[in-house]
Amino acid sequence: MAVQETDVAGLAGEQLTMSAFTQLSGSLGGYSFVKVVVDRHNETIHFLNNARHEFHALYIGTEILGIAESEVRARIDEFNQSFYHASDRRFFLGILSLHKREGRLMFSLETVEVDTMPADMIESFYAEVRKNVDAAAPLFFKPANHLQEQAVVEIPAERLPRILAHELFSSAEFVALNPGVTKGRLRALRSEQEYRENTLEWFDIVVMHRVPDDIPRLAGIINADHTTPLSHTNVLATGWSIPNAIQIGAFDLIDREALDGKWVEYEVSPQSAGVGLRMIDEPQDAGRRPAWYAQRVTLDEPEHTYNPILPLGRIRYNDSHRYGTKAANLGELHHVLAAESPRRLLGFFSVPRPPRDNLLPYLAKLLGSDSGDLLGDAQRLLAERVRVPRGVALPFSMHQGFLESSPKIQQVIGKLKMALELNAREIEPLCVELQQLIRRTRVPDYLLSELDTALVENLAGVRTFVVRSSSNAEDLAGFSAAGIYESYNHVTSAEKIVESVKEVWASLVSARSVRLRQQAGISLDDCFMGVVVQEQVRADFGGVMVTTNPMNRNDFRNVYVNVSPNVTDVVEGSKQPMQYLYSTVEGGGRTVSLGDAEEDLGVAAHAQLQRLAIVGRLLQSHFSPDYTFDSPVDIEWLATDDLLYVLQLRPYSI
């Protein structure tokens with residue numbers, strides 16, 4: 001059967017050949033796929049034409065049940081209940097994807113993630129698809145959520161061959177981390193040493209096995225090994241709006257096409273099977289400043305006259321011009337957890353998100369809310385389950401007082417400002433000199449006394465501290481500053497706290513942070529560094545969550561979670577994390593990658609991650625800058641069996 005774009009709805013009651021699959025399929029995340037519907041009443045299988053049908057439900061309504069599309073959309077919740085949850089359901093719905101693994105083609109079959117299909121239905125669905133798909137390629141069932149993973153355990157593998165999502169992800173040759181198109185000079189750097197020895201320009205597209213967190217601003221990134229969408233490099237790529245992808249075999253491709261050092265057009269698209277690299281002539285205006293150079297980042301007027309050291313619970317979101325954005329966000333969190341927040345908590349769920357007209361009933365189900373007071377139940381979840389570690393915020397005025405106490409520091413700051421105005425070569429050595437001076441200079445006694453008093457009054461009894469940066473030049477529109485300022489863990493003594501505070505102050509003038517701010521148009525005169533000193537809490541596991549799906553920005557249901565069973569790995573980034581998607585509408589999660597872990601987390605930990613996902617959506621609503629409540633947040637967290645600790649919260653660029 002020849003299929004021409006949208007001229008047919010699909011293939012019904014016939015075998016799906018490879019040729020038909022190609023003509024019917026769509027593409028997402030590097031994989032080709034075809035939607036599948038099994039009509040159990042008529043014992044007929046349907047393979048949908050992706051160019052014509054975006055949703056299974058619309059195909060079933062219009063092509064099988066004879067219902068107008070407008071009526072299907074109006075009754076979508078009713079239909080979805082029947083399709084995905086009814087014990088006597090007429091239809092099985094799924095996705096058939098084609099993969100290349102270890103040099104061989106294979107199919108995977110999965111349901112949508114909200115489907116509660118039990119084991120007997122899964123086995124029946126698989127059998128029906130197996131007998132109607134080209135037998136030349138093996139077919140594996142891919143559980144769509146953790147419940148399905150548990151359900152299929154008892155089915156013998158010879159009856160139901162299966163493959164887990166993280167097994168496919170770990171062998172995926174291409175992952176579109178941040179879509180986009182750019183032009184630049186390709187630089188293939190095969191080792192950390194090569195990276196350190198070469199100077200990278202803003203128009204370079206860098207290719208490495210795994211790009212380091214301290215990259216300068218570039219035109220594009222290609223990772224030749226697997227990494228996470230929540231890495232610092234991808235957060236920066238997203239903020240800079242540059243394409244970034246995982247492409248296994250990237251160096252082989254570059255060698256084969258002789259692209260190293262050449263100018264190319266580079267494209268990353270979720271609809272493609274790999275990165276697009278096309279050699280081009282070097283532009284005549286290659287040396288001209290990039291367009292983003294003219295897009296200057298503006299800061300709120302900082303206040304560096306005297307402010308006291310305060311406990312986090314006494315500052316609010318609008319204190320960022322005194323204590324920095326990190327401290328202000330943590331202070332606002334204390335306010336939210338004290339159940340003093342307005343109805344903004346429900347903002348995300350209050351906005352219709354087609355095909356869902358009303359998400360509040362879904363939130364009620366996730367919260368187990370039957371009290372009729374959904375806001376109260378949401379606040380109770382936060383009050384009972386979420387904590388912000390105790391801490392104090394050091395203001396900009398303390399940083400300023402320290403800098404002004406040293407004539408030598410003031411002299412070098414003056415030289416650095418002049419070098420920045422002239423864009424002189426001395427910028428980097430002056431930054432190094434200034435950092436060394438900050439580390440060596442004694443903090444004035446009056447500042448030490450104020451710090452000691454604040455710690456005694458607010459953190460007496462704490463054995464181990466975390467010292468965090470909190471600048472006004474971070475977490476801004478167009479300038480995330482992810483990973484460019486320092487924070488320190490496992491700080492124990494008063495002396496070590498002071499040393500760590502000075503290290504944080506010094507990170508404001510590192511060569512990299514100064515250069516990145518200069519490129520963004522942020523003057524050194526306008527930059528100040530606050531510091532947060534917090535209790536370091538004990539936890540069972542932890543990680544980072546963003547309240548969006550960075551690999552599918554149209555997915556309003558899921559949040560993306562990175563987890564490290566060893567809490568130390570969270571802050572050190574020394575190992576590849578476990579990666580999960582959790583739905584904040586219908587609920588349920590799935591494991592995307594095990595990273596460097598040998599096995600998945602247990603049922604109790606998965607339940608805690610689901611709770612974390614809901615908390616993330618509530619906090620996204622409260623911290624939303626507008627009334628669409630669409631702006632995701634990036635949350636660093638730790639967890640025990642009972643509690644979730646929020647360590648940081650900031651906007652996540654999309």
# chains A, B, ... in the order shown; residues from 1 in each chain; ligands from 1

$ residues_around --residues "segment 509-520 of chain A" --least-positions-apart "3" --cutoff "10 Å" --atoms "only C-alpha atoms" --output "ChimeraX atom specification"
/A:202,214-217,292-298,413,416,420-421,423,427-435,438,473-474,478-479,481,483-486,504-506,523-524,527

$ closest_atom_pairs --of "segment 510-554 of chain A" --to "segment 610-622 of chain A" --cutoff "8 Å" --atoms "only C-alpha atoms" --output "tab-separated table"
residue	atom	partner	partner_atom	distance
A:Met545	CA	A:Gly616	CA	7.9
A:Val546	CA	A:Gly616	CA	7.9
A:Thr547	CA	A:Gly616	CA	6.2

$ write_last_selection --atoms "C-alpha atoms" --output "PDB file, in the first residue's frame"
ATOM      1  CA  MET A 545      14.372  18.833  39.140  1.00  0.00           C
ATOM      2  CA  VAL A 546      13.067  21.161  36.445  1.00  0.00           C
ATOM      3  CA  THR A 547       9.322  21.578  36.139  1.00  0.00           C
TER       4      THR A 547
END

$ residues_around --residues "His304 of chain A" --least-positions-apart "4" --cutoff "7 Å" --atoms "only C-alpha atoms" --output "PyMOL selection string"
chain A and resi 322+396-397+400

$ select_by_dssp --residues "segment 298-405 of chain A" --states "strand (DSSP E)" --output "MDAnalysis selection string"
chainID A and resid 310:311 386:387 391:394

$ write_last_selection --atoms "C-alpha atoms" --output "compact mmCIF listing (two decimals), in the first residue's frame"
# COMPACT_ATOMS: atom_id res chain seq x y z
CA LEU A 310 19.25 38.07 58.62
CA PRO A 311 17.81 34.58 59.04
CA VAL A 386 8.82 20.23 52.60
CA ARG A 387 11.59 22.01 54.47
CA GLY A 391 20.30 29.55 57.37
CA VAL A 392 21.33 33.18 57.36
CA ALA A 393 21.83 35.60 54.48
CA LEU A 394 24.88 37.87 54.29

$ select_by_dssp --residues "segment 102-183 of chain A" --states "alpha helix (DSSP H)" --output "VMD selection string"
chain A and resid 119 to 130 146 to 151 165 to 171

$ closest_residue --among "A:Tyr645, A:Phe465, A:Phe33, A:Tyr306" --to "Glu384 of chain A" --atoms "only C-alpha atoms"
A:Tyr645

$ atom_distance --atom1 "atom CA of Lys35 of chain A" --atom2 "atom CA of Pro138 of chain A"
17.8 Å

$ atom_distance --atom1 "atom CA of Pro243 of chain A" --atom2 "atom CA of Gly220 of chain A"
5.2 Å

$ residues_around --residues "Gln271 of chain A" --least-positions-apart "3" --cutoff "8 Å" --atoms "only C-alpha atoms" --output "PyMOL selection string"
chain A and resi 26-31

$ closest_residue --among "A:Ala604, A:Val533, A:Leu16, A:Ile522" --to "Val501 of chain A" --atoms "only C-alpha atoms"
A:Val533

$ decode --residues "segment 333-373 of chain A" --atoms "N, CA and C atoms" --output "PDB file, in the first residue's frame"
ATOM      1  N   LEU A 333      10.640  31.003  50.039  1.00  0.00           N
ATOM      2  CA  LEU A 333      10.199  29.632  50.309  1.00  0.00           C
ATOM      3  C   LEU A 333       9.784  29.452  51.766  1.00  0.00           C
ATOM      4  N   HIS A 334      10.533  30.038  52.682  1.00  0.00           N
ATOM      5  CA  HIS A 334      10.136  29.991  54.092  1.00  0.00           C
ATOM      6  C   HIS A 334       8.728  30.560  54.260  1.00  0.00           C
ATOM      7  N   HIS A 335       8.455  31.647  53.569  1.00  0.00           N
ATOM      8  CA  HIS A 335       7.145  32.297  53.627  1.00  0.00           C
ATOM      9  C   HIS A 335       6.065  31.369  53.068  1.00  0.00           C
ATOM     10  N   VAL A 336       6.365  30.703  51.950  1.00  0.00           N
ATOM     11  CA  VAL A 336       5.387  29.794  51.335  1.00  0.00           C
ATOM     12  C   VAL A 336       5.087  28.622  52.270  1.00  0.00           C
ATOM     13  N   LEU A 337       6.118  28.054  52.868  1.00  0.00           N
ATOM     14  CA  LEU A 337       5.927  26.885  53.723  1.00  0.00           C
ATOM     15  C   LEU A 337       5.215  27.233  55.024  1.00  0.00           C
ATOM     16  N   ALA A 338       5.226  28.500  55.388  1.00  0.00           N
ATOM     17  CA  ALA A 338       4.497  28.932  56.575  1.00  0.00           C
ATOM     18  C   ALA A 338       3.010  29.098  56.296  1.00  0.00           C
ATOM     19  N   ALA A 339       2.564  28.673  55.097  1.00  0.00           N
ATOM     20  CA  ALA A 339       1.145  28.689  54.704  1.00  0.00           C
ATOM     21  C   ALA A 339       0.563  30.096  54.680  1.00  0.00           C
ATOM     22  N   GLU A 340       1.413  31.058  54.319  1.00  0.00           N
ATOM     23  CA  GLU A 340       0.938  32.441  54.233  1.00  0.00           C
ATOM     24  C   GLU A 340       0.749  32.879  52.776  1.00  0.00           C
ATOM     25  N   SER A 341       0.897  31.935  51.845  1.00  0.00           N
ATOM     26  CA  SER A 341       0.896  32.313  50.429  1.00  0.00           C
ATOM     27  C   SER A 341      -0.528  32.434  49.891  1.00  0.00           C
ATOM     28  N   PRO A 342      -0.744  33.261  48.887  1.00  0.00           N
ATOM     29  CA  PRO A 342      -2.063  33.408  48.270  1.00  0.00           C
ATOM     30  C   PRO A 342      -2.366  32.255  47.326  1.00  0.00           C
ATOM     31  N   ARG A 343      -3.407  32.395  46.560  1.00  0.00           N
ATOM     32  CA  ARG A 343      -3.869  31.311  45.696  1.00  0.00           C
ATOM     33  C   ARG A 343      -2.941  31.041  44.524  1.00  0.00           C
ATOM     34  N   ARG A 344      -1.836  31.740  44.419  1.00  0.00           N
ATOM     35  CA  ARG A 344      -0.909  31.474  43.318  1.00  0.00           C
ATOM     36  C   ARG A 344      -0.438  30.023  43.318  1.00  0.00           C
ATOM     37  N   LEU A 345      -0.460  29.354  44.471  1.00  0.00           N
ATOM     38  CA  LEU A 345      -0.022  27.961  44.531  1.00  0.00           C
ATOM     39  C   LEU A 345      -0.742  27.087  43.517  1.00  0.00           C
ATOM     40  N   LEU A 346      -2.001  27.377  43.227  1.00  0.00           N
ATOM     41  CA  LEU A 346      -2.805  26.560  42.318  1.00  0.00           C
ATOM     42  C   LEU A 346      -2.758  27.080  40.886  1.00  0.00           C
ATOM     43  N   GLY A 347      -1.903  28.084  40.634  1.00  0.00           N
ATOM     44  CA  GLY A 347      -1.915  28.758  39.325  1.00  0.00           C
ATOM     45  C   GLY A 347      -1.757  27.840  38.145  1.00  0.00           C
ATOM     46  N   PHE A 348      -0.745  26.951  38.177  1.00  0.00           N
ATOM     47  CA  PHE A 348      -0.500  26.081  37.033  1.00  0.00           C
ATOM     48  C   PHE A 348      -1.717  25.227  36.725  1.00  0.00           C
ATOM     49  N   PHE A 349      -2.370  24.723  37.762  1.00  0.00           N
ATOM     50  CA  PHE A 349      -3.495  23.815  37.573  1.00  0.00           C
ATOM     51  C   PHE A 349      -4.798  24.551  37.281  1.00  0.00           C
ATOM     52  N   SER A 350      -4.795  25.877  37.413  1.00  0.00           N
ATOM     53  CA  SER A 350      -6.005  26.670  37.181  1.00  0.00           C
ATOM     54  C   SER A 350      -6.162  27.093  35.729  1.00  0.00           C
ATOM     55  N   VAL A 351      -5.133  26.884  34.920  1.00  0.00           N
ATOM     56  CA  VAL A 351      -5.144  27.323  33.521  1.00  0.00           C
ATOM     57  C   VAL A 351      -5.485  26.134  32.617  1.00  0.00           C
ATOM     58  N   PRO A 352      -6.487  26.260  31.729  1.00  0.00           N
ATOM     59  CA  PRO A 352      -6.778  25.171  30.788  1.00  0.00           C
ATOM     60  C   PRO A 352      -5.560  24.868  29.924  1.00  0.00           C
ATOM     61  N   ARG A 353      -5.266  23.575  29.757  1.00  0.00           N
ATOM     62  CA  ARG A 353      -4.123  23.155  28.946  1.00  0.00           C
ATOM     63  C   ARG A 353      -4.607  22.060  28.009  1.00  0.00           C
ATOM     64  N   PRO A 354      -5.041  22.480  26.795  1.00  0.00           N
ATOM     65  CA  PRO A 354      -5.651  21.526  25.854  1.00  0.00           C
ATOM     66  C   PRO A 354      -4.799  20.279  25.683  1.00  0.00           C
ATOM     67  N   PRO A 355      -5.435  19.076  25.643  1.00  0.00           N
ATOM     68  CA  PRO A 355      -6.890  18.864  25.607  1.00  0.00           C
ATOM     69  C   PRO A 355      -7.563  18.867  26.970  1.00  0.00           C
ATOM     70  N   ARG A 356      -6.904  19.356  28.017  1.00  0.00           N
ATOM     71  CA  ARG A 356      -7.499  19.391  29.350  1.00  0.00           C
ATOM     72  C   ARG A 356      -8.055  20.788  29.634  1.00  0.00           C
ATOM     73  N   ASP A 357      -9.362  20.882  29.872  1.00  0.00           N
ATOM     74  CA  ASP A 357      -9.976  22.169  30.186  1.00  0.00           C
ATOM     75  C   ASP A 357      -9.815  22.538  31.651  1.00  0.00           C
ATOM     76  N   ASN A 358      -9.604  21.531  32.500  1.00  0.00           N
ATOM     77  CA  ASN A 358      -9.552  21.796  33.931  1.00  0.00           C
ATOM     78  C   ASN A 358      -8.623  20.789  34.593  1.00  0.00           C
ATOM     79  N   LEU A 359      -7.506  21.264  35.113  1.00  0.00           N
ATOM     80  CA  LEU A 359      -6.534  20.370  35.744  1.00  0.00           C
ATOM     81  C   LEU A 359      -6.725  20.250  37.258  1.00  0.00           C
ATOM     82  N   LEU A 360      -7.583  21.064  37.835  1.00  0.00           N
ATOM     83  CA  LEU A 360      -7.750  21.031  39.288  1.00  0.00           C
ATOM     84  C   LEU A 360      -8.214  19.673  39.814  1.00  0.00           C
ATOM     85  N   PRO A 361      -9.139  18.966  39.114  1.00  0.00           N
ATOM     86  CA  PRO A 361      -9.508  17.624  39.598  1.00  0.00           C
ATOM     87  C   PRO A 361      -8.329  16.652  39.595  1.00  0.00           C
ATOM     88  N   TYR A 362      -7.403  16.829  38.670  1.00  0.00           N
ATOM     89  CA  TYR A 362      -6.221  15.968  38.632  1.00  0.00           C
ATOM     90  C   TYR A 362      -5.325  16.245  39.837  1.00  0.00           C
ATOM     91  N   LEU A 363      -5.179  17.530  40.184  1.00  0.00           N
ATOM     92  CA  LEU A 363      -4.401  17.873  41.369  1.00  0.00           C
ATOM     93  C   LEU A 363      -5.069  17.300  42.617  1.00  0.00           C
ATOM     94  N   ALA A 364      -6.388  17.405  42.691  1.00  0.00           N
ATOM     95  CA  ALA A 364      -7.110  16.868  43.849  1.00  0.00           C
ATOM     96  C   ALA A 364      -6.851  15.376  44.001  1.00  0.00           C
ATOM     97  N   LYS A 365      -6.850  14.656  42.893  1.00  0.00           N
ATOM     98  CA  LYS A 365      -6.593  13.211  42.944  1.00  0.00           C
ATOM     99  C   LYS A 365      -5.165  12.926  43.391  1.00  0.00           C
ATOM    100  N   LEU A 366      -4.201  13.698  42.874  1.00  0.00           N
ATOM    101  CA  LEU A 366      -2.802  13.491  43.252  1.00  0.00           C
ATOM    102  C   LEU A 366      -2.578  13.796  44.735  1.00  0.00           C
ATOM    103  N   LEU A 367      -3.304  14.781  45.252  1.00  0.00           N
ATOM    104  CA  LEU A 367      -3.166  15.149  46.654  1.00  0.00           C
ATOM    105  C   LEU A 367      -3.993  14.254  47.569  1.00  0.00           C
ATOM    106  N   GLY A 368      -4.875  13.431  46.969  1.00  0.00           N
ATOM    107  CA  GLY A 368      -5.809  12.662  47.790  1.00  0.00           C
ATOM    108  C   GLY A 368      -6.775  13.576  48.500  1.00  0.00           C
ATOM    109  N   SER A 369      -7.160  14.664  47.831  1.00  0.00           N
ATOM    110  CA  SER A 369      -7.964  15.710  48.454  1.00  0.00           C
ATOM    111  C   SER A 369      -9.448  15.422  48.303  1.00  0.00           C
ATOM    112  N   ASP A 370     -10.142  15.258  49.419  1.00  0.00           N
ATOM    113  CA  ASP A 370     -11.594  15.110  49.388  1.00  0.00           C
ATOM    114  C   ASP A 370     -12.255  16.068  50.374  1.00  0.00           C
ATOM    115  N   SER A 371     -11.487  17.048  50.825  1.00  0.00           N
ATOM    116  CA  SER A 371     -11.996  17.993  51.829  1.00  0.00           C
ATOM    117  C   SER A 371     -12.782  19.139  51.204  1.00  0.00           C
ATOM    118  N   GLY A 372     -12.638  19.332  49.884  1.00  0.00           N
ATOM    119  CA  GLY A 372     -13.248  20.484  49.237  1.00  0.00           C
ATOM    120  C   GLY A 372     -12.403  21.735  49.343  1.00  0.00           C
ATOM    121  N   ASP A 373     -11.281  21.650  50.066  1.00  0.00           N
ATOM    122  CA  ASP A 373     -10.369  22.789  50.239  1.00  0.00           C
ATOM    123  C   ASP A 373      -9.045  22.435  49.575  1.00  0.00           C
TER     124      ASP A 373
END
